[in-house]
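What follows is a single structure, written as C-alpha cells, with notes after it.
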Amino acid sequence: MNGKMRQARLNKNLSQAELAKIIGVSRQTINMIENGDYNPTIGLCCKICKVLDCTLNDLFWEEK
C-alpha cells in the first residue's frame, strides 16, 4: 500500500479521478498504485511526483 502517495494527493485536495486526469491515466490506475497492486513506470512516477510536488523518494522509497 502506498499511503505516502495517498496522503500527498489528499494534501493537494485531489481525488483519484482528478489526479488521474491530470497525468493521463485512469482512476483505477491511481487506485491500484495506492493499494500496492500496480508498480508504475518511472515515467509515471515522475508525473505523479511533479503534480504532487514531491520527490520520488518522498512517495516511492520503501523503508525497510
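Starting from 1 in every chain, residues are counted up; chains themselves are A, B, ... following the order of the C-alpha cells, and ligands are numbered from 1 as listed.
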What residues in chain A get the DSSP label helix (DSSP H, G or I)? Please answer as a compact mmCIF listing (two decimals) with all heavy atoms, in the first residue's frame.
```txt
# COMPACT_ATOMS: atom_id res chain seq x y z
N GLY A 3 0.61 4.56 1.17
CA GLY A 3 -0.06 5.58 1.97
C GLY A 3 0.55 6.95 1.79
O GLY A 3 -0.14 7.96 1.93
N LYS A 4 1.85 6.99 1.46
CA LYS A 4 2.52 8.28 1.26
C LYS A 4 1.94 9.00 0.04
O LYS A 4 1.70 10.20 0.08
CB LYS A 4 4.03 8.09 1.11
CG LYS A 4 4.68 7.56 2.38
CD LYS A 4 6.18 7.46 2.24
CE LYS A 4 6.55 6.24 1.44
NZ LYS A 4 8.01 6.02 1.40
N MET A 5 1.70 8.24 -1.01
CA MET A 5 1.13 8.84 -2.22
C MET A 5 -0.30 9.30 -1.95
O MET A 5 -0.69 10.41 -2.34
CB MET A 5 1.16 7.86 -3.38
CG MET A 5 0.61 8.44 -4.66
SD MET A 5 0.75 7.26 -6.00
CE MET A 5 -0.73 7.65 -6.91
N ARG A 6 -1.08 8.46 -1.29
CA ARG A 6 -2.47 8.82 -0.97
C ARG A 6 -2.50 10.11 -0.13
O ARG A 6 -3.28 11.02 -0.40
CB ARG A 6 -3.15 7.68 -0.22
CG ARG A 6 -4.58 8.01 0.18
CD ARG A 6 -5.28 6.82 0.82
NE ARG A 6 -5.65 5.90 -0.25
CZ ARG A 6 -5.43 4.59 -0.24
NH1 ARG A 6 -4.84 4.02 0.79
NH2 ARG A 6 -5.78 3.84 -1.25
N GLN A 7 -1.63 10.19 0.89
CA GLN A 7 -1.61 11.37 1.75
C GLN A 7 -1.19 12.62 0.98
O GLN A 7 -1.78 13.69 1.16
CB GLN A 7 -0.68 11.14 2.95
CG GLN A 7 -0.80 12.22 4.01
CD GLN A 7 -2.22 12.38 4.54
OE1 GLN A 7 -2.83 11.42 4.99
NE2 GLN A 7 -2.76 13.58 4.47
N ALA A 8 -0.20 12.49 0.12
CA ALA A 8 0.24 13.64 -0.69
C ALA A 8 -0.88 14.11 -1.61
O ALA A 8 -1.09 15.31 -1.79
CB ALA A 8 1.48 13.27 -1.50
N ARG A 9 -1.63 13.16 -2.18
CA ARG A 9 -2.76 13.51 -3.04
C ARG A 9 -3.84 14.24 -2.25
O ARG A 9 -4.37 15.27 -2.68
CB ARG A 9 -3.33 12.24 -3.68
CG ARG A 9 -4.56 12.48 -4.53
CD ARG A 9 -5.06 11.22 -5.18
NE ARG A 9 -5.36 10.12 -4.27
CZ ARG A 9 -6.45 10.04 -3.50
NH1 ARG A 9 -7.34 11.01 -3.49
NH2 ARG A 9 -6.65 8.99 -2.72
N LEU A 10 -4.15 13.72 -1.07
CA LEU A 10 -5.16 14.36 -0.23
C LEU A 10 -4.72 15.75 0.23
O LEU A 10 -5.53 16.66 0.35
CB LEU A 10 -5.50 13.47 0.97
CG LEU A 10 -6.19 12.15 0.62
CD1 LEU A 10 -6.33 11.28 1.87
CD2 LEU A 10 -7.54 12.39 -0.03
N ASN A 11 -3.41 15.90 0.51
CA ASN A 11 -2.88 17.21 0.90
C ASN A 11 -3.07 18.25 -0.19
O ASN A 11 -3.15 19.44 0.09
CB ASN A 11 -1.40 17.10 1.27
CG ASN A 11 -1.17 16.38 2.57
OD1 ASN A 11 -2.09 16.16 3.37
ND2 ASN A 11 0.07 15.96 2.80
N GLN A 16 -8.77 10.78 -6.61
CA GLN A 16 -8.05 9.87 -7.50
C GLN A 16 -8.36 10.20 -8.95
O GLN A 16 -7.46 10.20 -9.80
CB GLN A 16 -8.43 8.41 -7.21
CG GLN A 16 -7.86 7.88 -5.92
CD GLN A 16 -8.23 6.42 -5.70
OE1 GLN A 16 -9.15 5.89 -6.30
NE2 GLN A 16 -7.51 5.78 -4.78
N ALA A 17 -9.61 10.50 -9.24
CA ALA A 17 -10.02 10.82 -10.62
C ALA A 17 -9.35 12.09 -11.12
O ALA A 17 -8.93 12.16 -12.27
CB ALA A 17 -11.54 10.94 -10.70
N GLU A 18 -9.25 13.10 -10.26
CA GLU A 18 -8.62 14.36 -10.66
C GLU A 18 -7.14 14.16 -10.95
O GLU A 18 -6.62 14.65 -11.96
CB GLU A 18 -8.82 15.42 -9.58
CG GLU A 18 -10.25 15.89 -9.45
CD GLU A 18 -10.51 16.70 -8.20
OE1 GLU A 18 -9.86 16.46 -7.15
OE2 GLU A 18 -11.40 17.57 -8.25
N LEU A 19 -6.44 13.45 -10.08
CA LEU A 19 -5.02 13.18 -10.30
C LEU A 19 -4.84 12.38 -11.59
O LEU A 19 -3.97 12.69 -12.40
CB LEU A 19 -4.42 12.43 -9.11
CG LEU A 19 -2.95 12.00 -9.26
CD1 LEU A 19 -2.04 13.20 -9.52
CD2 LEU A 19 -2.50 11.22 -8.03
N ALA A 20 -5.68 11.38 -11.77
CA ALA A 20 -5.59 10.54 -12.97
C ALA A 20 -5.75 11.37 -14.24
O ALA A 20 -4.99 11.20 -15.20
CB ALA A 20 -6.65 9.44 -12.91
N LYS A 21 -6.72 12.26 -14.24
CA LYS A 21 -6.96 13.10 -15.42
C LYS A 21 -5.77 13.99 -15.72
O LYS A 21 -5.37 14.13 -16.88
CB LYS A 21 -8.22 13.94 -15.21
CG LYS A 21 -8.60 14.75 -16.42
CD LYS A 21 -9.91 15.49 -16.22
CE LYS A 21 -10.27 16.26 -17.48
NZ LYS A 21 -11.50 17.02 -17.33
N ILE A 22 -5.17 14.56 -14.69
CA ILE A 22 -4.03 15.46 -14.87
C ILE A 22 -2.85 14.72 -15.51
O ILE A 22 -2.17 15.26 -16.39
CB ILE A 22 -3.61 16.09 -13.53
CG1 ILE A 22 -4.69 17.06 -13.03
CG2 ILE A 22 -2.27 16.82 -13.65
CD1 ILE A 22 -4.52 17.49 -11.58
N ILE A 23 -2.61 13.50 -15.08
CA ILE A 23 -1.42 12.78 -15.58
C ILE A 23 -1.73 11.84 -16.73
O ILE A 23 -0.82 11.23 -17.29
CB ILE A 23 -0.67 12.05 -14.45
CG1 ILE A 23 -1.54 10.98 -13.80
CG2 ILE A 23 -0.14 13.03 -13.44
CD1 ILE A 23 -0.80 10.13 -12.80
N ARG A 27 -8.55 6.39 -13.28
CA ARG A 27 -8.67 6.44 -11.82
C ARG A 27 -8.28 5.09 -11.23
O ARG A 27 -7.68 5.01 -10.17
CB ARG A 27 -10.11 6.80 -11.41
CG ARG A 27 -10.25 6.94 -9.89
CD ARG A 27 -11.66 6.71 -9.40
NE ARG A 27 -12.22 5.44 -9.78
CZ ARG A 27 -11.98 4.27 -9.16
NH1 ARG A 27 -11.15 4.20 -8.15
NH2 ARG A 27 -12.56 3.16 -9.58
N GLN A 28 -8.61 4.03 -11.95
CA GLN A 28 -8.28 2.69 -11.46
C GLN A 28 -6.77 2.50 -11.33
O GLN A 28 -6.31 1.82 -10.42
CB GLN A 28 -8.87 1.62 -12.40
CG GLN A 28 -10.38 1.54 -12.34
CD GLN A 28 -11.10 2.55 -13.25
OE1 GLN A 28 -10.50 3.43 -13.85
NE2 GLN A 28 -12.43 2.41 -13.32
N THR A 29 -6.01 3.12 -12.24
CA THR A 29 -4.54 3.03 -12.15
C THR A 29 -4.06 3.68 -10.86
O THR A 29 -3.22 3.11 -10.15
CB THR A 29 -3.88 3.68 -13.37
OG1 THR A 29 -4.29 2.97 -14.55
CG2 THR A 29 -2.36 3.65 -13.26
N ILE A 30 -4.57 4.85 -10.54
CA ILE A 30 -4.18 5.54 -9.30
C ILE A 30 -4.58 4.68 -8.11
O ILE A 30 -3.78 4.49 -7.17
CB ILE A 30 -4.84 6.93 -9.21
CG1 ILE A 30 -4.41 7.83 -10.38
CG2 ILE A 30 -4.54 7.59 -7.86
CD1 ILE A 30 -2.92 8.08 -10.48
N ASN A 31 -5.76 4.13 -8.14
CA ASN A 31 -6.23 3.27 -7.05
C ASN A 31 -5.31 2.07 -6.88
O ASN A 31 -4.94 1.72 -5.75
CB ASN A 31 -7.67 2.82 -7.32
CG ASN A 31 -8.24 2.03 -6.18
OD1 ASN A 31 -8.32 2.53 -5.05
ND2 ASN A 31 -8.64 0.81 -6.44
N MET A 32 -4.93 1.43 -7.98
CA MET A 32 -4.06 0.25 -7.90
C MET A 32 -2.66 0.61 -7.37
O MET A 32 -2.09 -0.15 -6.60
CB MET A 32 -3.96 -0.44 -9.27
CG MET A 32 -5.25 -1.12 -9.67
SD MET A 32 -5.20 -2.18 -11.15
CE MET A 32 -4.00 -1.46 -12.20
N ILE A 33 -2.14 1.78 -7.76
CA ILE A 33 -0.84 2.22 -7.23
C ILE A 33 -0.95 2.43 -5.73
O ILE A 33 -0.11 1.97 -4.96
CB ILE A 33 -0.36 3.51 -7.93
CG1 ILE A 33 -0.08 3.24 -9.41
CG2 ILE A 33 0.89 4.06 -7.24
CD1 ILE A 33 0.13 4.51 -10.24
N GLU A 34 -1.98 3.13 -5.29
CA GLU A 34 -2.15 3.43 -3.87
C GLU A 34 -2.38 2.16 -3.05
O GLU A 34 -2.01 2.11 -1.89
CB GLU A 34 -3.30 4.42 -3.66
CG GLU A 34 -2.95 5.82 -4.13
CD GLU A 34 -4.03 6.85 -3.83
OE1 GLU A 34 -5.12 6.48 -3.34
OE2 GLU A 34 -3.78 8.04 -4.10
N ILE A 42 8.79 4.41 -14.23
CA ILE A 42 9.49 5.57 -13.69
C ILE A 42 8.91 6.86 -14.28
O ILE A 42 8.79 7.87 -13.59
CB ILE A 42 11.02 5.48 -13.92
CG1 ILE A 42 11.76 6.56 -13.13
CG2 ILE A 42 11.37 5.54 -15.39
CD1 ILE A 42 11.77 6.36 -11.66
N GLY A 43 8.49 6.81 -15.54
CA GLY A 43 7.88 7.99 -16.16
C GLY A 43 6.60 8.39 -15.47
O GLY A 43 6.36 9.58 -15.22
N LEU A 44 5.77 7.41 -15.16
CA LEU A 44 4.52 7.69 -14.46
C LEU A 44 4.80 8.18 -13.04
O LEU A 44 4.16 9.13 -12.57
CB LEU A 44 3.63 6.44 -14.44
CG LEU A 44 2.26 6.58 -13.78
CD1 LEU A 44 1.48 7.77 -14.34
CD2 LEU A 44 1.47 5.29 -13.94
N CYS A 45 5.77 7.59 -12.38
CA CYS A 45 6.15 8.05 -11.04
C CYS A 45 6.57 9.53 -11.08
O CYS A 45 6.18 10.31 -10.21
CB CYS A 45 7.31 7.22 -10.48
SG CYS A 45 6.88 5.53 -10.04
N CYS A 46 7.35 9.89 -12.09
CA CYS A 46 7.80 11.28 -12.21
C CYS A 46 6.63 12.23 -12.42
O CYS A 46 6.60 13.32 -11.84
CB CYS A 46 8.81 11.41 -13.33
SG CYS A 46 10.41 10.64 -12.96
N LYS A 47 5.65 11.83 -13.25
CA LYS A 47 4.47 12.66 -13.48
C LYS A 47 3.70 12.86 -12.17
O LYS A 47 3.25 13.97 -11.86
CB LYS A 47 3.56 12.03 -14.52
CG LYS A 47 4.07 12.10 -15.93
CD LYS A 47 3.08 11.44 -16.87
CE LYS A 47 3.57 11.44 -18.30
NZ LYS A 47 2.59 10.80 -19.21
N ILE A 48 3.53 11.78 -11.43
CA ILE A 48 2.81 11.86 -10.15
C ILE A 48 3.53 12.80 -9.20
O ILE A 48 2.92 13.67 -8.57
CB ILE A 48 2.64 10.46 -9.54
CG1 ILE A 48 1.70 9.61 -10.39
CG2 ILE A 48 2.14 10.55 -8.09
CD1 ILE A 48 1.70 8.13 -10.04
N CYS A 49 4.85 12.63 -9.10
CA CYS A 49 5.64 13.47 -8.20
C CYS A 49 5.54 14.95 -8.57
O CYS A 49 5.43 15.81 -7.69
CB CYS A 49 7.10 13.04 -8.21
SG CYS A 49 7.39 11.47 -7.38
N LYS A 50 5.58 15.24 -9.86
CA LYS A 50 5.52 16.64 -10.30
C LYS A 50 4.19 17.28 -9.88
O LYS A 50 4.17 18.38 -9.34
CB LYS A 50 5.70 16.71 -11.81
CG LYS A 50 5.82 18.10 -12.34
CD LYS A 50 6.20 18.12 -13.80
CE LYS A 50 6.42 19.54 -14.27
NZ LYS A 50 6.90 19.60 -15.64
N VAL A 51 3.09 16.56 -10.11
CA VAL A 51 1.77 17.09 -9.76
C VAL A 51 1.63 17.26 -8.24
O VAL A 51 1.05 18.23 -7.77
CB VAL A 51 0.65 16.19 -10.31
CG1 VAL A 51 -0.70 16.60 -9.77
CG2 VAL A 51 0.64 16.21 -11.83
N LEU A 52 2.17 16.32 -7.48
CA LEU A 52 2.02 16.35 -6.02
C LEU A 52 3.13 17.12 -5.32
O LEU A 52 3.16 17.19 -4.09
CB LEU A 52 1.94 14.91 -5.49
CG LEU A 52 0.76 14.08 -6.00
CD1 LEU A 52 0.80 12.68 -5.39
CD2 LEU A 52 -0.57 14.76 -5.71
N LEU A 56 10.68 11.48 -5.83
CA LEU A 56 10.50 10.03 -5.93
C LEU A 56 10.70 9.38 -4.57
O LEU A 56 9.96 8.48 -4.18
CB LEU A 56 11.46 9.44 -6.96
CG LEU A 56 11.15 9.75 -8.42
CD1 LEU A 56 12.32 9.34 -9.30
CD2 LEU A 56 9.89 9.04 -8.86
N ASN A 57 11.72 9.83 -3.84
CA ASN A 57 11.97 9.27 -2.50
C ASN A 57 10.80 9.52 -1.56
O ASN A 57 10.43 8.65 -0.77
CB ASN A 57 13.25 9.84 -1.89
CG ASN A 57 14.50 9.23 -2.49
OD1 ASN A 57 14.45 8.23 -3.20
ND2 ASN A 57 15.63 9.84 -2.21
N ASP A 58 10.22 10.71 -1.65
CA ASP A 58 9.08 11.04 -0.77
C ASP A 58 7.94 10.04 -0.95
O ASP A 58 7.32 9.62 0.02
CB ASP A 58 8.52 12.44 -1.09
CG ASP A 58 9.44 13.58 -0.70
OD1 ASP A 58 10.33 13.37 0.14
OD2 ASP A 58 9.26 14.68 -1.27
N LEU A 59 7.65 9.69 -2.20
CA LEU A 59 6.46 8.89 -2.47
C LEU A 59 6.71 7.40 -2.64
O LEU A 59 5.84 6.60 -2.31
CB LEU A 59 5.76 9.40 -3.75
CG LEU A 59 5.21 10.81 -3.69
CD1 LEU A 59 4.44 11.10 -4.97
CD2 LEU A 59 4.32 11.02 -2.48
N PHE A 60 7.86 7.03 -3.17
CA PHE A 60 8.03 5.64 -3.59
C PHE A 60 9.15 4.87 -2.90
O PHE A 60 9.26 3.67 -3.09
CB PHE A 60 8.21 5.57 -5.12
CG PHE A 60 7.00 6.10 -5.85
CD1 PHE A 60 7.02 7.37 -6.42
CD2 PHE A 60 5.85 5.35 -5.95
CE1 PHE A 60 5.90 7.85 -7.10
CE2 PHE A 60 4.73 5.82 -6.61
CZ PHE A 60 4.77 7.09 -7.18
```
Could you tell me how far CA of Glu63 in chain A lies from CA of Gly24 in chain A, in Å and to one decimal?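 Going from CA of Glu63 in chain A over to CA of Gly24 in chain A, I get 28.6 Å.
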